[in-house]
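Here's start37.cif, which has mmCIF, N, CA, C and O atoms:
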```cif
data_query
#
loop_
_atom_site.label_atom_id
_atom_site.label_comp_id
_atom_site.auth_asym_id
_atom_site.auth_seq_id
_atom_site.Cartn_x
_atom_site.Cartn_y
_atom_site.Cartn_z
N MET A 1329 -38.41 -1.76 150.86
CA MET A 1329 -37.39 -1.87 149.85
C MET A 1329 -37.50 -3.23 149.15
O MET A 1329 -37.69 -4.24 149.79
N GLU A 1330 -37.33 -3.23 147.86
CA GLU A 1330 -37.35 -4.47 147.11
C GLU A 1330 -36.01 -5.18 147.29
O GLU A 1330 -34.99 -4.55 147.47
N SER A 1331 -36.04 -6.50 147.20
CA SER A 1331 -34.79 -7.22 147.35
C SER A 1331 -34.31 -7.73 145.99
O SER A 1331 -35.08 -8.23 145.20
N ARG A 1332 -33.02 -7.56 145.74
CA ARG A 1332 -32.35 -8.06 144.55
C ARG A 1332 -33.01 -7.63 143.24
O ARG A 1332 -33.24 -8.41 142.35
N ARG A 1333 -33.31 -6.35 143.14
CA ARG A 1333 -33.89 -5.81 141.93
C ARG A 1333 -32.78 -5.57 140.91
O ARG A 1333 -31.68 -5.17 141.26
N LYS A 1334 -33.06 -5.81 139.65
CA LYS A 1334 -32.09 -5.55 138.60
C LYS A 1334 -31.86 -4.06 138.45
O LYS A 1334 -32.80 -3.28 138.50
N VAL A 1335 -30.61 -3.69 138.28
CA VAL A 1335 -30.25 -2.29 138.06
C VAL A 1335 -30.06 -2.13 136.56
O VAL A 1335 -29.09 -2.61 135.99
N ASP A 1336 -31.01 -1.47 135.92
CA ASP A 1336 -30.93 -1.31 134.47
C ASP A 1336 -30.34 0.05 134.11
O ASP A 1336 -30.03 0.87 134.97
N LYS A 1337 -30.20 0.26 132.82
CA LYS A 1337 -29.58 1.48 132.30
C LYS A 1337 -30.37 2.74 132.70
O LYS A 1337 -29.79 3.77 133.05
N ASN A 1338 -31.69 2.66 132.66
CA ASN A 1338 -32.52 3.82 133.01
C ASN A 1338 -32.36 4.21 134.47
O ASN A 1338 -32.31 5.40 134.81
N LEU A 1339 -32.27 3.21 135.34
CA LEU A 1339 -32.07 3.49 136.76
C LEU A 1339 -30.71 4.15 136.98
O LEU A 1339 -30.58 5.09 137.77
N ARG A 1340 -29.68 3.66 136.28
CA ARG A 1340 -28.35 4.27 136.40
C ARG A 1340 -28.39 5.74 135.96
O ARG A 1340 -27.80 6.60 136.61
N LYS A 1341 -29.08 6.01 134.86
CA LYS A 1341 -29.19 7.40 134.38
C LYS A 1341 -29.86 8.28 135.41
O LYS A 1341 -29.42 9.40 135.68
N ARG A 1342 -30.96 7.76 136.00
CA ARG A 1342 -31.67 8.54 137.02
C ARG A 1342 -30.78 8.88 138.20
O ARG A 1342 -30.78 10.01 138.70
N VAL A 1343 -30.01 7.90 138.64
CA VAL A 1343 -29.12 8.10 139.79
C VAL A 1343 -28.06 9.16 139.48
O VAL A 1343 -27.80 10.06 140.27
N VAL A 1344 -27.47 9.07 138.29
CA VAL A 1344 -26.42 10.03 137.92
C VAL A 1344 -27.01 11.44 137.78
O VAL A 1344 -26.41 12.42 138.23
N ILE A 1345 -28.19 11.55 137.19
CA ILE A 1345 -28.83 12.86 137.05
C ILE A 1345 -29.15 13.45 138.43
O ILE A 1345 -28.91 14.63 138.67
N MET A 1346 -29.67 12.63 139.32
CA MET A 1346 -29.96 13.11 140.68
C MET A 1346 -28.69 13.56 141.38
O MET A 1346 -28.70 14.56 142.11
N ASN A 1347 -27.61 12.83 141.15
CA ASN A 1347 -26.35 13.21 141.77
C ASN A 1347 -25.83 14.54 141.22
O ASN A 1347 -25.29 15.36 141.96
N LYS A 1348 -26.00 14.74 139.91
CA LYS A 1348 -25.56 16.00 139.29
C LYS A 1348 -26.40 17.18 139.78
O LYS A 1348 -25.94 18.32 139.78
N GLU A 1349 -27.64 16.90 140.19
CA GLU A 1349 -28.50 17.93 140.74
C GLU A 1349 -28.23 18.15 142.23
O GLU A 1349 -29.01 18.80 142.92
N ARG A 1350 -27.14 17.59 142.72
CA ARG A 1350 -26.70 17.74 144.12
C ARG A 1350 -27.65 17.11 145.13
O ARG A 1350 -27.77 17.55 146.26
N MET A 1351 -28.35 16.08 144.72
CA MET A 1351 -29.22 15.36 145.63
C MET A 1351 -28.36 14.41 146.46
O MET A 1351 -27.46 13.76 145.94
N ALA A 1352 -28.63 14.32 147.75
CA ALA A 1352 -27.85 13.46 148.64
C ALA A 1352 -28.06 11.99 148.30
O ALA A 1352 -29.11 11.60 147.76
N ILE A 1353 -27.07 11.18 148.64
CA ILE A 1353 -27.13 9.76 148.32
C ILE A 1353 -28.31 9.09 149.03
O ILE A 1353 -29.04 8.30 148.42
N TYR A 1354 -28.51 9.41 150.30
CA TYR A 1354 -29.63 8.77 151.03
C TYR A 1354 -30.97 9.19 150.44
O TYR A 1354 -31.92 8.41 150.41
N ALA A 1355 -31.07 10.45 149.98
CA ALA A 1355 -32.32 10.91 149.37
C ALA A 1355 -32.55 10.23 148.02
O ALA A 1355 -33.68 9.85 147.68
N THR A 1356 -31.48 10.06 147.27
CA THR A 1356 -31.58 9.35 145.98
C THR A 1356 -32.01 7.91 146.22
O THR A 1356 -32.87 7.38 145.51
N ALA A 1357 -31.39 7.27 147.21
CA ALA A 1357 -31.73 5.88 147.52
C ALA A 1357 -33.19 5.75 147.91
O ALA A 1357 -33.88 4.82 147.49
N ARG A 1358 -33.68 6.68 148.72
CA ARG A 1358 -35.07 6.65 149.13
C ARG A 1358 -36.00 6.87 147.93
O ARG A 1358 -37.02 6.21 147.79
N ASP A 1359 -35.60 7.76 147.03
CA ASP A 1359 -36.42 8.09 145.86
C ASP A 1359 -36.53 6.92 144.89
O ASP A 1359 -37.59 6.70 144.32
N ILE A 1360 -35.45 6.19 144.70
CA ILE A 1360 -35.49 5.07 143.76
C ILE A 1360 -35.81 3.75 144.45
O ILE A 1360 -35.81 2.69 143.82
N ASN A 1361 -36.08 3.83 145.76
CA ASN A 1361 -36.46 2.65 146.54
C ASN A 1361 -35.35 1.59 146.52
O ASN A 1361 -35.58 0.43 146.19
N SER A 1362 -34.16 2.03 146.88
CA SER A 1362 -33.01 1.14 146.89
C SER A 1362 -32.12 1.51 148.08
O SER A 1362 -32.41 2.46 148.81
N SER A 1363 -31.01 0.82 148.24
CA SER A 1363 -30.13 1.11 149.37
C SER A 1363 -29.06 2.14 148.97
O SER A 1363 -28.80 2.37 147.79
N LYS A 1364 -28.46 2.74 150.00
CA LYS A 1364 -27.40 3.72 149.75
C LYS A 1364 -26.20 3.07 149.09
O LYS A 1364 -25.53 3.70 148.26
N SER A 1365 -25.92 1.82 149.43
CA SER A 1365 -24.76 1.14 148.83
C SER A 1365 -24.95 0.91 147.33
O SER A 1365 -24.00 1.02 146.56
N VAL A 1366 -26.18 0.64 146.92
CA VAL A 1366 -26.45 0.47 145.48
C VAL A 1366 -26.21 1.78 144.75
O VAL A 1366 -25.56 1.82 143.70
N VAL A 1367 -26.70 2.87 145.33
CA VAL A 1367 -26.50 4.19 144.72
C VAL A 1367 -25.01 4.53 144.66
O VAL A 1367 -24.51 4.99 143.63
N SER A 1368 -24.29 4.26 145.73
CA SER A 1368 -22.85 4.53 145.75
C SER A 1368 -22.11 3.73 144.69
O SER A 1368 -21.21 4.24 144.02
N LYS A 1369 -22.47 2.45 144.55
CA LYS A 1369 -21.82 1.60 143.55
C LYS A 1369 -22.11 2.09 142.13
O LYS A 1369 -21.23 2.08 141.27
N ILE A 1370 -23.33 2.53 141.88
CA ILE A 1370 -23.68 3.05 140.56
C ILE A 1370 -22.84 4.29 140.26
O ILE A 1370 -22.28 4.43 139.17
N LEU A 1371 -22.74 5.21 141.23
CA LEU A 1371 -21.98 6.44 141.03
C LEU A 1371 -20.49 6.16 140.85
O LEU A 1371 -19.82 6.76 140.01
N LYS A 1372 -19.97 5.22 141.63
CA LYS A 1372 -18.55 4.87 141.52
C LYS A 1372 -18.26 4.26 140.14
O LYS A 1372 -17.27 4.60 139.50
N LEU A 1373 -19.12 3.37 139.69
CA LEU A 1373 -18.94 2.75 138.38
C LEU A 1373 -19.02 3.80 137.28
O LEU A 1373 -18.23 3.78 136.33
N TYR A 1374 -19.95 4.74 137.41
CA TYR A 1374 -20.09 5.79 136.40
C TYR A 1374 -18.83 6.67 136.36
O TYR A 1374 -18.38 7.06 135.29
N GLU A 1375 -18.26 6.96 137.52
CA GLU A 1375 -17.02 7.76 137.56
C GLU A 1375 -15.87 7.02 136.89
O GLU A 1375 -15.03 7.64 136.23
N GLU A 1376 -15.81 5.71 137.05
CA GLU A 1376 -14.72 4.92 136.50
C GLU A 1376 -14.81 4.77 134.99
O GLU A 1376 -13.81 4.92 134.29
N ILE A 1377 -15.99 4.46 134.48
CA ILE A 1377 -16.10 4.16 133.05
C ILE A 1377 -16.91 5.19 132.27
O ILE A 1377 -17.00 5.08 131.05
N THR A 1378 -17.46 6.16 132.94
CA THR A 1378 -18.30 7.22 132.35
C THR A 1378 -19.29 6.67 131.31
O THR A 1378 -19.39 7.15 130.20
N SER A 1379 -19.97 5.63 131.71
CA SER A 1379 -20.98 5.01 130.87
C SER A 1379 -22.07 4.44 131.77
O SER A 1379 -21.83 4.17 132.94
N PHE A 1380 -23.24 4.26 131.21
CA PHE A 1380 -24.33 3.70 131.98
C PHE A 1380 -24.40 2.18 131.84
O PHE A 1380 -25.26 1.54 132.43
N ALA A 1381 -23.51 1.60 131.09
CA ALA A 1381 -23.50 0.15 130.91
C ALA A 1381 -22.93 -0.53 132.15
O ALA A 1381 -22.14 0.04 132.88
N SER A 1382 -23.34 -1.76 132.36
CA SER A 1382 -22.80 -2.52 133.49
C SER A 1382 -21.55 -3.26 133.03
O SER A 1382 -21.39 -3.58 131.86
N LEU A 1383 -20.67 -3.51 133.98
CA LEU A 1383 -19.47 -4.28 133.65
C LEU A 1383 -19.83 -5.75 133.59
O LEU A 1383 -20.50 -6.27 134.46
N LYS A 1384 -19.37 -6.40 132.56
CA LYS A 1384 -19.61 -7.83 132.42
C LYS A 1384 -18.51 -8.56 133.18
O LYS A 1384 -17.33 -8.26 133.06
N LYS A 1385 -18.91 -9.52 133.97
CA LYS A 1385 -17.94 -10.31 134.71
C LYS A 1385 -17.30 -11.31 133.77
O LYS A 1385 -17.97 -11.91 132.94
N ARG A 1386 -16.00 -11.45 133.92
CA ARG A 1386 -15.31 -12.44 133.11
C ARG A 1386 -15.55 -13.82 133.70
O ARG A 1386 -15.36 -14.05 134.88
N VAL A 1387 -15.97 -14.71 132.85
CA VAL A 1387 -16.26 -16.06 133.28
C VAL A 1387 -15.44 -17.01 132.43
O VAL A 1387 -15.40 -16.88 131.22
N ARG A 1388 -14.79 -17.95 133.11
CA ARG A 1388 -14.00 -18.90 132.33
C ARG A 1388 -14.94 -19.83 131.59
O ARG A 1388 -16.01 -20.18 132.08
N SER A 1389 -14.53 -20.20 130.40
CA SER A 1389 -15.37 -21.11 129.63
C SER A 1389 -15.32 -22.49 130.28
O SER A 1389 -14.28 -22.94 130.74
N ARG A 1390 -16.44 -23.13 130.33
CA ARG A 1390 -16.53 -24.42 131.01
C ARG A 1390 -16.15 -25.52 130.04
O ARG A 1390 -16.78 -25.73 129.02
N LYS A 1391 -15.06 -26.24 130.38
CA LYS A 1391 -14.63 -27.36 129.57
C LYS A 1391 -15.10 -28.68 130.17
O LYS A 1391 -15.01 -29.71 129.53
N ILE A 1392 -15.55 -28.61 131.42
CA ILE A 1392 -16.02 -29.80 132.10
C ILE A 1392 -17.41 -29.52 132.66
O ILE A 1392 -17.82 -28.38 132.78
N SER A 1393 -18.10 -30.59 133.01
CA SER A 1393 -19.44 -30.41 133.56
C SER A 1393 -19.35 -29.95 135.01
O SER A 1393 -18.31 -30.03 135.66
N VAL A 1394 -20.45 -29.48 135.53
CA VAL A 1394 -20.51 -29.03 136.92
C VAL A 1394 -20.23 -30.19 137.86
O VAL A 1394 -19.52 -30.03 138.86
N LEU A 1395 -20.76 -31.36 137.54
CA LEU A 1395 -20.53 -32.54 138.37
C LEU A 1395 -19.05 -32.92 138.39
O LEU A 1395 -18.49 -33.21 139.45
N GLN A 1396 -18.40 -32.87 137.22
CA GLN A 1396 -16.96 -33.17 137.18
C GLN A 1396 -16.17 -32.13 137.94
O GLN A 1396 -15.21 -32.46 138.64
N ASP A 1397 -16.58 -30.89 137.84
CA ASP A 1397 -15.91 -29.81 138.58
C ASP A 1397 -16.04 -30.05 140.08
O ASP A 1397 -15.08 -29.89 140.84
N TYR A 1398 -17.21 -30.46 140.53
CA TYR A 1398 -17.44 -30.76 141.94
C TYR A 1398 -16.56 -31.93 142.39
O TYR A 1398 -15.96 -31.88 143.47
N GLU A 1399 -16.47 -32.96 141.57
CA GLU A 1399 -15.64 -34.12 141.91
C GLU A 1399 -14.17 -33.73 142.01
O GLU A 1399 -13.46 -34.19 142.90
N ILE A 1400 -13.72 -32.88 141.12
CA ILE A 1400 -12.32 -32.42 141.15
C ILE A 1400 -12.07 -31.60 142.41
O ILE A 1400 -11.04 -31.76 143.07
N GLN A 1401 -13.01 -30.75 142.78
CA GLN A 1401 -12.86 -29.97 144.01
C GLN A 1401 -12.81 -30.88 145.23
O GLN A 1401 -12.00 -30.66 146.13
N ARG A 1402 -13.64 -31.90 145.27
CA ARG A 1402 -13.60 -32.86 146.38
C ARG A 1402 -12.26 -33.57 146.43
O ARG A 1402 -11.69 -33.78 147.50
N LEU A 1403 -11.75 -33.94 145.27
CA LEU A 1403 -10.45 -34.60 145.20
C LEU A 1403 -9.35 -33.69 145.73
O LEU A 1403 -8.50 -34.12 146.51
N LEU A 1404 -9.40 -32.42 145.34
CA LEU A 1404 -8.39 -31.48 145.80
C LEU A 1404 -8.47 -31.23 147.30
O LEU A 1404 -7.45 -31.09 147.97
N LEU A 1405 -9.68 -31.16 147.83
CA LEU A 1405 -9.84 -30.95 149.27
C LEU A 1405 -9.39 -32.17 150.07
O LEU A 1405 -8.82 -32.05 151.15
N ARG A 1406 -9.65 -33.33 149.53
CA ARG A 1406 -9.29 -34.56 150.23
C ARG A 1406 -7.79 -34.75 150.27
O ARG A 1406 -7.24 -35.23 151.24
N HIS A 1407 -7.11 -34.38 149.21
CA HIS A 1407 -5.66 -34.55 149.10
C HIS A 1407 -5.00 -33.18 148.94
O HIS A 1407 -4.31 -32.93 147.96
N SER A 1408 -5.20 -32.33 149.91
CA SER A 1408 -4.73 -30.95 149.76
C SER A 1408 -3.22 -30.82 149.75
O SER A 1408 -2.69 -29.82 149.28
N PHE A 1409 -2.48 -31.81 150.24
CA PHE A 1409 -1.03 -31.70 150.29
C PHE A 1409 -0.35 -32.42 149.13
O PHE A 1409 0.87 -32.45 149.06
N ASP A 1410 -1.12 -33.01 148.24
CA ASP A 1410 -0.53 -33.64 147.05
C ASP A 1410 -0.02 -32.56 146.11
O ASP A 1410 -0.56 -31.46 146.04
N ILE A 1411 0.98 -32.90 145.35
CA ILE A 1411 1.49 -31.93 144.38
C ILE A 1411 0.54 -31.87 143.19
O ILE A 1411 -0.24 -32.79 142.94
N ALA A 1412 0.61 -30.79 142.49
CA ALA A 1412 -0.32 -30.55 141.38
C ALA A 1412 -0.20 -31.62 140.30
O ALA A 1412 -1.20 -32.02 139.71
N ALA A 1413 0.99 -32.11 140.05
CA ALA A 1413 1.17 -33.13 139.01
C ALA A 1413 0.44 -34.42 139.38
O ALA A 1413 -0.18 -35.06 138.52
N ALA A 1414 0.48 -34.79 140.65
CA ALA A 1414 -0.20 -36.02 141.07
C ALA A 1414 -1.70 -35.88 140.92
O ALA A 1414 -2.39 -36.80 140.47
N VAL A 1415 -2.23 -34.73 141.28
CA VAL A 1415 -3.67 -34.48 141.12
C VAL A 1415 -4.03 -34.48 139.65
O VAL A 1415 -5.05 -35.06 139.25
N SER A 1416 -3.20 -33.85 138.84
CA SER A 1416 -3.45 -33.82 137.40
C SER A 1416 -3.48 -35.23 136.81
O SER A 1416 -4.36 -35.56 136.01
N HIS A 1417 -2.55 -36.08 137.22
CA HIS A 1417 -2.52 -37.47 136.73
C HIS A 1417 -3.76 -38.23 137.18
O HIS A 1417 -4.33 -39.00 136.42
N GLN A 1418 -4.19 -38.00 138.42
CA GLN A 1418 -5.36 -38.70 138.91
C GLN A 1418 -6.63 -38.25 138.18
O GLN A 1418 -7.48 -39.07 137.84
N VAL A 1419 -6.75 -36.96 137.90
CA VAL A 1419 -7.90 -36.46 137.13
C VAL A 1419 -7.88 -37.05 135.73
O VAL A 1419 -8.91 -37.46 135.20
N TYR A 1420 -6.68 -37.12 135.13
CA TYR A 1420 -6.57 -37.70 133.79
C TYR A 1420 -6.96 -39.17 133.82
O TYR A 1420 -7.68 -39.66 132.94
N ARG A 1421 -6.50 -39.88 134.84
CA ARG A 1421 -6.80 -41.31 134.96
C ARG A 1421 -8.29 -41.54 135.22
O ARG A 1421 -8.91 -42.40 134.60
N ASP A 1422 -8.91 -40.74 136.11
CA ASP A 1422 -10.31 -40.95 136.47
C ASP A 1422 -11.29 -40.43 135.43
O ASP A 1422 -12.33 -41.02 135.20
N TYR A 1423 -10.97 -39.28 134.81
CA TYR A 1423 -11.93 -38.63 133.91
C TYR A 1423 -11.46 -38.55 132.46
O TYR A 1423 -12.21 -38.12 131.59
N GLY A 1424 -10.20 -38.92 132.22
CA GLY A 1424 -9.69 -38.86 130.85
C GLY A 1424 -9.50 -37.45 130.35
O GLY A 1424 -9.53 -37.20 129.15
N MET A 1425 -9.28 -36.52 131.28
CA MET A 1425 -9.13 -35.11 130.90
C MET A 1425 -7.76 -34.61 131.33
O MET A 1425 -7.33 -34.84 132.45
N ASN A 1426 -7.10 -33.89 130.42
CA ASN A 1426 -5.81 -33.31 130.73
C ASN A 1426 -6.04 -31.90 131.27
O ASN A 1426 -6.43 -31.00 130.55
N VAL A 1427 -5.78 -31.71 132.56
CA VAL A 1427 -5.99 -30.41 133.18
C VAL A 1427 -4.67 -29.72 133.50
O VAL A 1427 -4.65 -28.67 134.12
N SER A 1428 -3.57 -30.31 133.07
CA SER A 1428 -2.28 -29.69 133.34
C SER A 1428 -2.08 -28.50 132.42
O SER A 1428 -2.63 -28.43 131.32
N GLN A 1429 -1.28 -27.57 132.87
CA GLN A 1429 -1.04 -26.35 132.09
C GLN A 1429 -0.13 -26.69 130.93
O GLN A 1429 0.89 -27.34 131.09
N LYS A 1430 -0.49 -26.21 129.75
CA LYS A 1430 0.33 -26.44 128.57
C LYS A 1430 1.38 -25.36 128.45
O LYS A 1430 1.07 -24.18 128.57
N ILE A 1431 2.61 -25.77 128.22
CA ILE A 1431 3.72 -24.83 128.10
C ILE A 1431 4.01 -24.62 126.62
O ILE A 1431 4.12 -25.58 125.85
N ASP A 1432 4.13 -23.38 126.23
CA ASP A 1432 4.45 -23.06 124.85
C ASP A 1432 5.86 -23.54 124.55
O ASP A 1432 6.80 -23.21 125.27
N SER A 1433 6.03 -24.33 123.48
CA SER A 1433 7.33 -24.88 123.17
C SER A 1433 8.36 -23.79 122.81
O SER A 1433 9.55 -24.01 122.95
N SER A 1434 7.90 -22.63 122.38
CA SER A 1434 8.83 -21.57 122.03
C SER A 1434 9.46 -20.92 123.26
O SER A 1434 10.48 -20.28 123.17
N LEU A 1435 8.84 -21.14 124.44
CA LEU A 1435 9.38 -20.55 125.66
C LEU A 1435 10.40 -21.47 126.34
O LEU A 1435 11.09 -21.03 127.23
N GLU A 1436 10.47 -22.71 125.93
CA GLU A 1436 11.40 -23.64 126.58
C GLU A 1436 12.82 -23.37 126.20
O GLU A 1436 13.17 -22.87 125.21
#
```
Translate the structure of the given file into structure tokens.
Amino acid sequence: MESRRKVDKNLRKRVVIMNKERMAIYATARDINSSKSVVSKILKLYEEITSFASLKKRVRSRKISVLQDYEIQRLLLRHSFDIAAAVSHQVYRDYGMNVSQKIDSSLE
């Protein structure tokens, strides 16, 4: 079996067609040289969205560098019992970045 192979649209189509032909999951997995869990996930996703496209993971946009993110995580782990405002002030003081949540003035 190959490890960490990309699952493309054609492979998804093949799996769904094999499933519609009443082929067992383990037989499909053996045929496409993959694991049963991969075949199951493909079929489950197809049932949910009825499409061969993959779901895109939502990723937050990065406003800070990876190194700054790491430093902030270290700060939070070191002072895990500090209140969020104190951590926010320290991040602002050390990095010059405002990480506090902005409140809409219309909601106040």
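If you count only N, CA, C and O atoms and ignore residues fewer than 6 places along the chain from Ala1355 (chain A), what sits within 8 Å of it is Asn1361, Ser1362 and Lys1364 of chain A.
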Find, counting all atoms listed in the file, the residue in A:Ile1360, A:Leu1404, A:Ala1352, A:Val1419 that gets nearest to Leu1339 (chain A). A:Ile1360
Determine the residue membership of the PyMOL selection byres (((chain A and resi 1346 and name CA) around 12) and name CA) for the file above and supply it as a ChimeraX atom specification. /A:1339-1345,1347-1360,1367,1370-1371
For CA of Lys1334 (chain A) and CA of Thr1378 (chain A), quote the distance in Å rounded to one decimal.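 Distance reported for this atom pair: 19.8 Å.
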Would you mind reading off the distance between atom C of Glu1375 (chain A) and atom N of Ser1363 (chain A), one decimal, in Å? 19.9 Å
Which of these, A:Ala1414, A:Leu1373, A:Val1427, A:Ala1381, has the shortest distance to Lys1337 (chain A) once you count all atoms listed in the file? A:Ala1381
CA of Ile1392 (chain A) and CA of Arg1421 (chain A) are how many Å apart?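 Interatomic distance, CA of Ile1392 (chain A) to CA of Arg1421 (chain A): 15.0 Å.
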Considering only C-alpha atoms, state which residue in the set A:Met1425, A:Ala1413, A:Ser1379, A:Tyr1374 is at the smallest distance from Asp1397 (chain A).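 Of all the options, A:Met1425 lies closest to Asp1397 (chain A).
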Nearest to Asn1338 (chain A) among A:Ser1382, A:Leu1403, A:Lys1369, A:Gly1424, with distances taken over only C-alpha atoms: which residue is it? A:Ser1382
